[in-house]
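Each remark here refers to the structure printed beneath this line.
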Amino acid sequence: MMQNVHLAPDTDEDDLYSGYNDHNPTYDTEELENDTAFQQAVRTSHGRRPPITAKVPSTAVARPVATGCGSKTSLASSMGRPGTGALQDGVTRPMTAVRAAGFTKAALRGSALDPLGQARGPAPPLEARSEDSPEEKIRQLEKKVNELVEESCVASSCGDLKLALEKAKDAGRKERVLVRQREQVASPENINLDLTYSVLFTLASQYSANEMYAEALNTYQVIVKNKMFSNAGRLKVNMGNIYLKQRNYSKAIKFYRMALDQIPSVHKEMRIKIMQNIGVTFIKTGQYSDAVNSFEHIMSTAPNLKAGFNLILSYFALGDREKMKKAFQKLIAVALEIDEDDKYVSPSDDPHTNLVIEAIKNDHLRQMERERKAMAEKYIMTAAKLIAPVIETSFAVGYDWCVEVVKASPYVELANDLEINKAVTYLKQKDFHQAAETLKMFEKKDSRVKSAAATNLSFLYYLENEFAQASSYADLAVNSDRYNPSALTNKGNTVFANGDYEKAAEFYKEALRNDSSCTEALYNIGLTYKKLNRLDEALDCFLKLHAILRNSAHVLYQIANIYELMEDPGQAVEWLMQLLSVVPTDSRVLSKLGGLYDSEGDKSQAFQYYYESYRYFPSSIDVIEWLGAYYVDTQFCEKAIQYFERASLIQPTQVKWQLMVASCFRRSGNYQKALDTYKDIHRMFPENAECLRFLVRLCTDIGLKEVQEYAAKLKRLEKMKEIREQRVRSGRDGSRRDGSAGSDSGQNCSKSERLRAQLRALPGTDAPYESSCSREPDASYVDPLGPQAERPKTAAKKRLDEDDFADEELGDDLLPE
């Protein structure tokens, strides 16, 4: 039994760790390039490393040593496990199972330490993936479909709906190709249903966004009818929304109810939203009772602001006063679920706490809370203004009831706003006394409410031109809240009305420092600079205001008017053209453009804009006068007649329009019509000397017997006029000095002499008619044939027009929203 047991000799050579510190030339990396065996092992990927040489290669004789990589002796399985100490592969089996890793006795016999397996050579290269395989093609195509779906969603979120639709269509085409390839390679059960669902849903959504409702409904039908898509029935909500947009309310309600049936009860929020849609659809169809049922259910299970407001609207349509009150109380009771404002106030002087509060004071969550609170206040205020006039005998009593309910709710600060709205309602009803009395109740309230009420009172008295009261309440508003821009603007308005423009500008500047978005103050300071003739500063103010209010007609007009005052008609015309794009039917803008083109000598453009102005407002005397003079100047007197006749209808007591009509008949050669017109004028205005002169002239030219009669009337009229002038002169002589009296008498004598000279200059019967047109009859009547059509408006008239336009906007929009 012991014949196979071999005891290890007790010599130093049997030490397992002997020779560990001896130098082995294998690790001499500097000689690796000259080591033939190493280079051969690197070049080949098979074979054993040649035996390691002795410690000193130059002297030692190589001797073969058996290694772990040497020849192995096959052991038959029947031999069993070798005994302890037996030779196995040239190495004696140790007596213990514990042996140092890599440091064996065989290492001294020529086997090198190779823990990384470098002697085995480089690993074989990986097998190249075949891109032509069907599985790889399907995988790449599926990746491309997913990318197209994502690109469609991104484009839709960026507002490019057309590109989003194209991407969705492309994804649909590639997905159908993918399905066909999968059917050819694998069984239909391996089709990616989630990808198909996402592609169809994206395509339907983009169809709906592009208002292609028929295509969207067809795509949704494909999804809904496919039983393989789980939870596809809830997409009927989207189909109901499309029918609602198409105003097909019956189908919309049908699909909403089908979606409601297929959504489990655990999804409460989704079911509430669908029921809210059903209620809104019932309101649109006028079925208010059914709408009430939906909103009542919502307010009893999960109350929200929109449902409460819609419930009030439904009861208002039904005229149920008591139900309106109950619905308003339910709306007030809806919890906002937002933090109190005290959270954002620092309780101590801790710098770390202050930094945290400053960081969260205006973050996205805080902004969302403000928006939710503002929306709640808007719903409550709108509902109160809606039901207050109908829930009681008068709107004042209704407002009082709403105020009491609000005071007992978490929205107690809205009670004061309701009171101010009550005053505004009085203003709309032209009951200024009650409005003032209501606002005066706030004089003993806190500073914010007192400032708001005083601001409205100041504006109210300003509209009534009671500038002393307006100034008093403006001072009260400013003292209550120095940072109220509306109060400062009203104070500036009262100072502006008193003519102190420099001081008014200071109040407007302070309002802008408190609130840079106060457009009223910026507009008014522009008007102030314009009054002070500081046109460059005024233009700068209005250009800044134009950057804020891009389509404000008043701002555009002021910019154009300032350029006109700066004698830059080109810029004035350009800004007026922009103004015309905002208010294309404004007759004053059109006539202004016509006047600018007329001053530049462009008659054709001036006529076009004056004619458009007349078409939109045919009662402007200035436009009528210009058009009539234009046709007379262009020798189309027949067309001028209709304009002067309209002017005579507008101003029947002004004889000059009828004289112009007769003059047009005379110049067009229709003497009989002109004579009849002059006779009619003489019957209406028997003391008009101009009419008698033309009657004498026409009767002389035609050779009528009435010439003596009209000539005698004219002489009698001139004599009476001369007597009146002498009486006036004699009256002035008693109150004036001799020099001034002599001057007046000289002027009057010269005027009477001029009239007599004009009478003597009347042509005889043998003179041609056109010779009688060479002189103007009198300064009180201007013949249209003269250069009157080209004269510009007087500076006083221009200034009057501009001031009227500007004063309409002074102090505008000062009532709180």
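Each chain in the structure tokens gets a letter, A, B and so on, in the order shown; residues start at 1 in every chain, and ligands are counted from 1 in the order they appear.
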Show which residues sit within 12 Å of Glu150 in chain A, as a JSON list (two decimals) with all heavy atoms, in the first residue's frame. Count only C-alpha atoms, and ignore same-chain residues fewer than 3 positions away.
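In the end it all went to part_13.json:
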```json
[["chain", "number", "residue", "atom", "x", "y", "z"],
["A", 143, "LYS", "N", -35.26, 51.44, -35.13],
["A", 143, "LYS", "CA", -34.60, 52.61, -34.53],
["A", 143, "LYS", "C", -34.95, 53.88, -35.30],
["A", 143, "LYS", "O", -35.19, 54.94, -34.70],
["A", 143, "LYS", "CB", -33.08, 52.37, -34.54],
["A", 143, "LYS", "CG", -32.29, 53.50, -33.92],
["A", 143, "LYS", "CD", -30.80, 53.18, -33.95],
["A", 143, "LYS", "CE", -30.00, 54.33, -33.35],
["A", 143, "LYS", "NZ", -28.52, 54.06, -33.43],
["A", 144, "LYS", "N", -35.00, 53.81, -36.62],
["A", 144, "LYS", "CA", -35.34, 54.98, -37.42],
["A", 144, "LYS", "C", -36.78, 55.43, -37.17],
["A", 144, "LYS", "O", -37.06, 56.64, -37.11],
["A", 144, "LYS", "CB", -35.13, 54.64, -38.90],
["A", 144, "LYS", "CG", -35.42, 55.80, -39.86],
["A", 144, "LYS", "CD", -34.47, 56.96, -39.61],
["A", 144, "LYS", "CE", -34.71, 58.08, -40.61],
["A", 144, "LYS", "NZ", -33.83, 59.25, -40.34],
["A", 145, "VAL", "N", -37.68, 54.49, -37.00],
["A", 145, "VAL", "CA", -39.08, 54.84, -36.72],
["A", 145, "VAL", "C", -39.19, 55.58, -35.39],
["A", 145, "VAL", "O", -39.88, 56.60, -35.28],
["A", 145, "VAL", "CB", -39.97, 53.58, -36.74],
["A", 145, "VAL", "CG1", -41.37, 53.91, -36.24],
["A", 145, "VAL", "CG2", -40.04, 53.00, -38.14],
["A", 146, "ASN", "N", -38.49, 55.09, -34.38],
["A", 146, "ASN", "CA", -38.51, 55.76, -33.08],
["A", 146, "ASN", "C", -37.95, 57.18, -33.18],
["A", 146, "ASN", "O", -38.47, 58.11, -32.56],
["A", 146, "ASN", "CB", -37.71, 54.95, -32.06],
["A", 146, "ASN", "CG", -38.48, 53.76, -31.52],
["A", 146, "ASN", "OD1", -39.66, 53.88, -31.21],
["A", 146, "ASN", "ND2", -37.84, 52.61, -31.43],
["A", 147, "GLU", "N", -36.89, 57.35, -33.96],
["A", 147, "GLU", "CA", -36.31, 58.68, -34.12],
["A", 147, "GLU", "C", -37.29, 59.63, -34.81],
["A", 147, "GLU", "O", -37.41, 60.81, -34.43],
["A", 147, "GLU", "CB", -35.00, 58.59, -34.92],
["A", 147, "GLU", "CG", -33.86, 57.92, -34.17],
["A", 147, "GLU", "CD", -32.62, 57.77, -35.03],
["A", 147, "GLU", "OE1", -32.71, 58.09, -36.25],
["A", 147, "GLU", "OE2", -31.58, 57.32, -34.51],
["A", 153, "CYS", "N", -42.59, 64.82, -32.33],
["A", 153, "CYS", "CA", -43.02, 65.40, -31.05],
["A", 153, "CYS", "C", -42.26, 66.69, -30.75],
["A", 153, "CYS", "O", -42.83, 67.67, -30.27],
["A", 153, "CYS", "CB", -42.83, 64.40, -29.93],
["A", 153, "CYS", "SG", -43.85, 62.90, -30.09],
["A", 154, "VAL", "N", -40.97, 66.71, -31.03],
["A", 154, "VAL", "CA", -40.15, 67.91, -30.77],
["A", 154, "VAL", "C", -40.62, 69.06, -31.66],
["A", 154, "VAL", "O", -40.76, 70.21, -31.22],
["A", 154, "VAL", "CB", -38.66, 67.61, -30.98],
["A", 154, "VAL", "CG1", -37.84, 68.88, -30.96],
["A", 154, "VAL", "CG2", -38.16, 66.64, -29.93],
["A", 155, "ALA", "N", -40.86, 68.77, -32.94],
["A", 155, "ALA", "CA", -41.32, 69.82, -33.86],
["A", 155, "ALA", "C", -42.68, 70.37, -33.43],
["A", 155, "ALA", "O", -42.94, 71.57, -33.52],
["A", 155, "ALA", "CB", -41.38, 69.27, -35.28],
["A", 156, "SER", "N", -43.55, 69.49, -32.94],
["A", 156, "SER", "CA", -44.87, 69.94, -32.48],
["A", 156, "SER", "C", -44.75, 70.84, -31.26],
["A", 156, "SER", "O", -45.44, 71.85, -31.14],
["A", 156, "SER", "CB", -45.76, 68.74, -32.17],
["A", 156, "SER", "OG", -47.01, 69.14, -31.70],
["A", 157, "SER", "N", -43.85, 70.49, -30.35],
["A", 157, "SER", "CA", -43.66, 71.32, -29.15],
["A", 157, "SER", "C", -43.05, 72.67, -29.50],
["A", 157, "SER", "O", -43.28, 73.65, -28.80],
["A", 157, "SER", "CB", -42.76, 70.60, -28.15],
["A", 157, "SER", "OG", -41.48, 70.39, -28.69],
["A", 164, "ALA", "N", -43.96, 68.64, -38.07],
["A", 164, "ALA", "CA", -44.35, 67.53, -37.19],
["A", 164, "ALA", "C", -45.24, 66.54, -37.93],
["A", 164, "ALA", "O", -45.08, 65.31, -37.78],
["A", 164, "ALA", "CB", -45.07, 68.07, -35.96],
["A", 165, "LEU", "N", -46.15, 67.04, -38.75],
["A", 165, "LEU", "CA", -47.03, 66.14, -39.50],
["A", 165, "LEU", "C", -46.25, 65.34, -40.54],
["A", 165, "LEU", "O", -46.48, 64.14, -40.72],
["A", 165, "LEU", "CB", -48.14, 66.95, -40.17],
["A", 165, "LEU", "CG", -49.15, 66.16, -41.01],
["A", 165, "LEU", "CD1", -49.85, 65.12, -40.16],
["A", 165, "LEU", "CD2", -50.16, 67.09, -41.66],
["A", 167, "LYS", "N", -43.08, 64.45, -40.37],
["A", 167, "LYS", "CA", -42.31, 63.42, -39.66],
["A", 167, "LYS", "C", -43.21, 62.27, -39.23],
["A", 167, "LYS", "O", -42.82, 61.09, -39.31],
["A", 167, "LYS", "CB", -41.62, 64.04, -38.44],
["A", 167, "LYS", "CG", -40.56, 65.09, -38.78],
["A", 167, "LYS", "CD", -39.34, 64.45, -39.40],
["A", 167, "LYS", "CE", -38.23, 65.48, -39.62],
["A", 167, "LYS", "NZ", -37.03, 64.87, -40.25],
["A", 168, "ALA", "N", -44.42, 62.59, -38.77],
["A", 168, "ALA", "CA", -45.34, 61.53, -38.34],
["A", 168, "ALA", "C", -45.76, 60.66, -39.53],
["A", 168, "ALA", "O", -45.85, 59.43, -39.41],
["A", 168, "ALA", "CB", -46.57, 62.16, -37.66],
["A", 170, "ASP", "N", -43.97, 60.14, -42.24],
["A", 170, "ASP", "CA", -42.80, 59.34, -42.61],
["A", 170, "ASP", "C", -42.63, 58.17, -41.65],
["A", 170, "ASP", "O", -42.30, 57.04, -42.07],
["A", 170, "ASP", "CB", -41.56, 60.23, -42.60],
["A", 170, "ASP", "CG", -40.39, 59.59, -43.34],
["A", 170, "ASP", "OD1", -40.60, 58.55, -43.99],
["A", 170, "ASP", "OD2", -39.27, 60.15, -43.28],
["A", 171, "ALA", "N", -42.87, 58.41, -40.36],
["A", 171, "ALA", "CA", -42.79, 57.31, -39.39],
["A", 171, "ALA", "C", -43.84, 56.25, -39.68],
["A", 171, "ALA", "O", -43.56, 55.04, -39.56],
["A", 171, "ALA", "CB", -42.97, 57.87, -37.97],
["A", 195, "LEU", "N", -44.80, 50.01, -30.61],
["A", 195, "LEU", "CA", -44.29, 50.93, -31.62],
["A", 195, "LEU", "C", -45.41, 51.32, -32.60],
["A", 195, "LEU", "O", -45.54, 52.50, -32.98],
["A", 195, "LEU", "CB", -43.12, 50.29, -32.37],
["A", 195, "LEU", "CG", -42.46, 51.15, -33.45],
["A", 195, "LEU", "CD1", -41.87, 52.40, -32.84],
["A", 195, "LEU", "CD2", -41.39, 50.36, -34.19],
["A", 198, "SER", "N", -47.70, 53.83, -30.84],
["A", 198, "SER", "CA", -47.12, 55.18, -30.71],
["A", 198, "SER", "C", -47.10, 55.91, -32.05],
["A", 198, "SER", "O", -47.36, 57.12, -32.12],
["A", 198, "SER", "CB", -45.71, 55.08, -30.14],
["A", 198, "SER", "OG", -44.85, 54.38, -31.02],
["A", 199, "VAL", "N", -46.82, 55.19, -33.15],
["A", 199, "VAL", "CA", -46.79, 55.82, -34.48],
["A", 199, "VAL", "C", -48.19, 56.30, -34.86],
["A", 199, "VAL", "O", -48.38, 57.44, -35.32],
["A", 199, "VAL", "CB", -46.23, 54.83, -35.52],
["A", 199, "VAL", "CG1", -46.45, 55.37, -36.93],
["A", 199, "VAL", "CG2", -44.76, 54.59, -35.28],
["A", 202, "THR", "N", -49.26, 59.29, -32.62],
["A", 202, "THR", "CA", -48.57, 60.52, -33.00],
["A", 202, "THR", "C", -49.15, 61.08, -34.28],
["A", 202, "THR", "O", -49.37, 62.30, -34.41],
["A", 202, "THR", "CB", -47.06, 60.24, -33.18],
["A", 202, "THR", "OG1", -46.54, 59.69, -31.97],
["A", 202, "THR", "CG2", -46.31, 61.52, -33.51],
["A", 203, "LEU", "N", -49.43, 60.22, -35.25],
["A", 203, "LEU", "CA", -49.99, 60.68, -36.52],
["A", 203, "LEU", "C", -51.38, 61.31, -36.31],
["A", 203, "LEU", "O", -51.69, 62.37, -36.88],
["A", 203, "LEU", "CB", -50.07, 59.51, -37.50],
["A", 203, "LEU", "CG", -50.58, 59.83, -38.91],
["A", 203, "LEU", "CD1", -49.69, 60.86, -39.59],
["A", 203, "LEU", "CD2", -50.65, 58.56, -39.75]]
```
Q) What's the 9 Å shell around Leu200 in chain A, counting only C-alpha atoms, without same-chain residues fewer than 6 positions away, as a PyMOL selection string? A) chain A and resi 168+172+219-220+222-223
(Q) Report as a VMD selection string all protein, DNA and RNA residues lying within 8 Å of range 501-509 of chain A, evaluated on only C-alpha atoms, omitting residues in the same chain fewer than 2 positions from it. (A) chain A and resid 488 to 489 491 to 493 495 to 496 499 511 to 513 521 to 522 524 to 525 528 to 529 531 to 532
Convert the current residue selection to file output with N, CA and C atoms, as an mmCIF file, in the first residue's frame.
```
data_model
loop_
_atom_site.group_PDB
_atom_site.id
_atom_site.type_symbol
_atom_site.label_atom_id
_atom_site.label_comp_id
_atom_site.auth_asym_id
_atom_site.auth_seq_id
_atom_site.Cartn_x
_atom_site.Cartn_y
_atom_site.Cartn_z
ATOM 1 N N LEU A 488 -49.716 108.340 -8.959
ATOM 2 C CA LEU A 488 -48.762 109.343 -9.433
ATOM 3 C C LEU A 488 -49.142 109.851 -10.821
ATOM 4 N N THR A 489 -49.647 108.960 -11.660
ATOM 5 C CA THR A 489 -50.067 109.389 -13.002
ATOM 6 C C THR A 489 -51.252 110.343 -12.913
ATOM 7 N N LYS A 491 -51.978 112.283 -10.400
ATOM 8 C CA LYS A 491 -51.470 113.552 -9.877
ATOM 9 C C LYS A 491 -50.798 114.348 -10.992
ATOM 10 N N GLY A 492 -50.038 113.670 -11.825
ATOM 11 C CA GLY A 492 -49.435 114.350 -12.961
ATOM 12 C C GLY A 492 -50.469 114.899 -13.926
ATOM 13 N N ASN A 493 -51.586 114.199 -14.080
ATOM 14 C CA ASN A 493 -52.650 114.680 -14.975
ATOM 15 C C ASN A 493 -53.273 115.977 -14.465
ATOM 16 N N VAL A 495 -51.822 118.181 -12.563
ATOM 17 C CA VAL A 495 -50.831 119.252 -12.745
ATOM 18 C C VAL A 495 -50.744 119.637 -14.214
ATOM 19 N N PHE A 496 -50.843 118.656 -15.081
ATOM 20 C CA PHE A 496 -50.817 118.914 -16.526
ATOM 21 C C PHE A 496 -51.997 119.789 -16.931
ATOM 22 N N GLY A 499 -51.427 123.376 -16.498
ATOM 23 C CA GLY A 499 -50.417 123.993 -17.343
ATOM 24 C C GLY A 499 -49.003 123.916 -16.821
ATOM 25 N N ALA A 511 -43.622 107.825 -11.451
ATOM 26 C CA ALA A 511 -44.474 106.659 -11.721
ATOM 27 C C ALA A 511 -43.716 105.613 -12.521
ATOM 28 N N LEU A 512 -42.897 106.051 -13.466
ATOM 29 C CA LEU A 512 -42.113 105.102 -14.258
ATOM 30 C C LEU A 512 -41.012 104.457 -13.434
ATOM 31 N N ARG A 513 -40.455 105.199 -12.478
ATOM 32 C CA ARG A 513 -39.440 104.586 -11.621
ATOM 33 C C ARG A 513 -40.048 103.502 -10.737
ATOM 34 N N ALA A 521 -48.192 106.459 -17.900
ATOM 35 C CA ALA A 521 -47.222 107.493 -17.530
ATOM 36 C C ALA A 521 -46.265 107.779 -18.672
ATOM 37 N N LEU A 522 -45.831 106.734 -19.366
ATOM 38 C CA LEU A 522 -44.908 106.938 -20.482
ATOM 39 C C LEU A 522 -45.578 107.711 -21.614
ATOM 40 N N ASN A 524 -48.115 109.846 -21.273
ATOM 41 C CA ASN A 524 -48.360 111.211 -20.840
ATOM 42 C C ASN A 524 -47.087 112.039 -20.777
ATOM 43 N N ILE A 525 -45.968 111.421 -20.433
ATOM 44 C CA ILE A 525 -44.728 112.188 -20.409
ATOM 45 C C ILE A 525 -44.303 112.549 -21.834
ATOM 46 N N THR A 528 -46.263 115.543 -22.559
ATOM 47 C CA THR A 528 -45.715 116.691 -21.842
ATOM 48 C C THR A 528 -44.508 117.270 -22.572
ATOM 49 N N TYR A 529 -43.606 116.409 -23.007
ATOM 50 C CA TYR A 529 -42.446 116.894 -23.766
ATOM 51 C C TYR A 529 -42.885 117.554 -25.072
ATOM 52 N N LYS A 531 -45.679 119.220 -25.461
ATOM 53 C CA LYS A 531 -46.153 120.548 -25.081
ATOM 54 C C LYS A 531 -44.991 121.499 -24.827
ATOM 55 N N LEU A 532 -43.899 120.968 -24.262
ATOM 56 C CA LEU A 532 -42.729 121.791 -23.977
ATOM 57 C C LEU A 532 -41.850 122.002 -25.195
#
```
(Q) Calculated over only C-alpha atoms, which of the candidates A:Lys440, A:Lys705, A:Arg727, A:Lys169 has the smallest distance to Glu151 in chain A? (A) A:Lys169
Q) Got a sec to tell me which of range 121-234 of chain A DSSP assigns to alpha helix (DSSP H), as number ranges by chain? A) A: 134-157, 161-185, 193-209, 213-225
Q) For Thr425 in chain A, which of A:Ala376, A:Ala560, A:Leu386, A:Ile312 is the closest residue, counting only C-alpha atoms? A)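 The answer is A:Leu386, which sits nearest to Thr425 in chain A.
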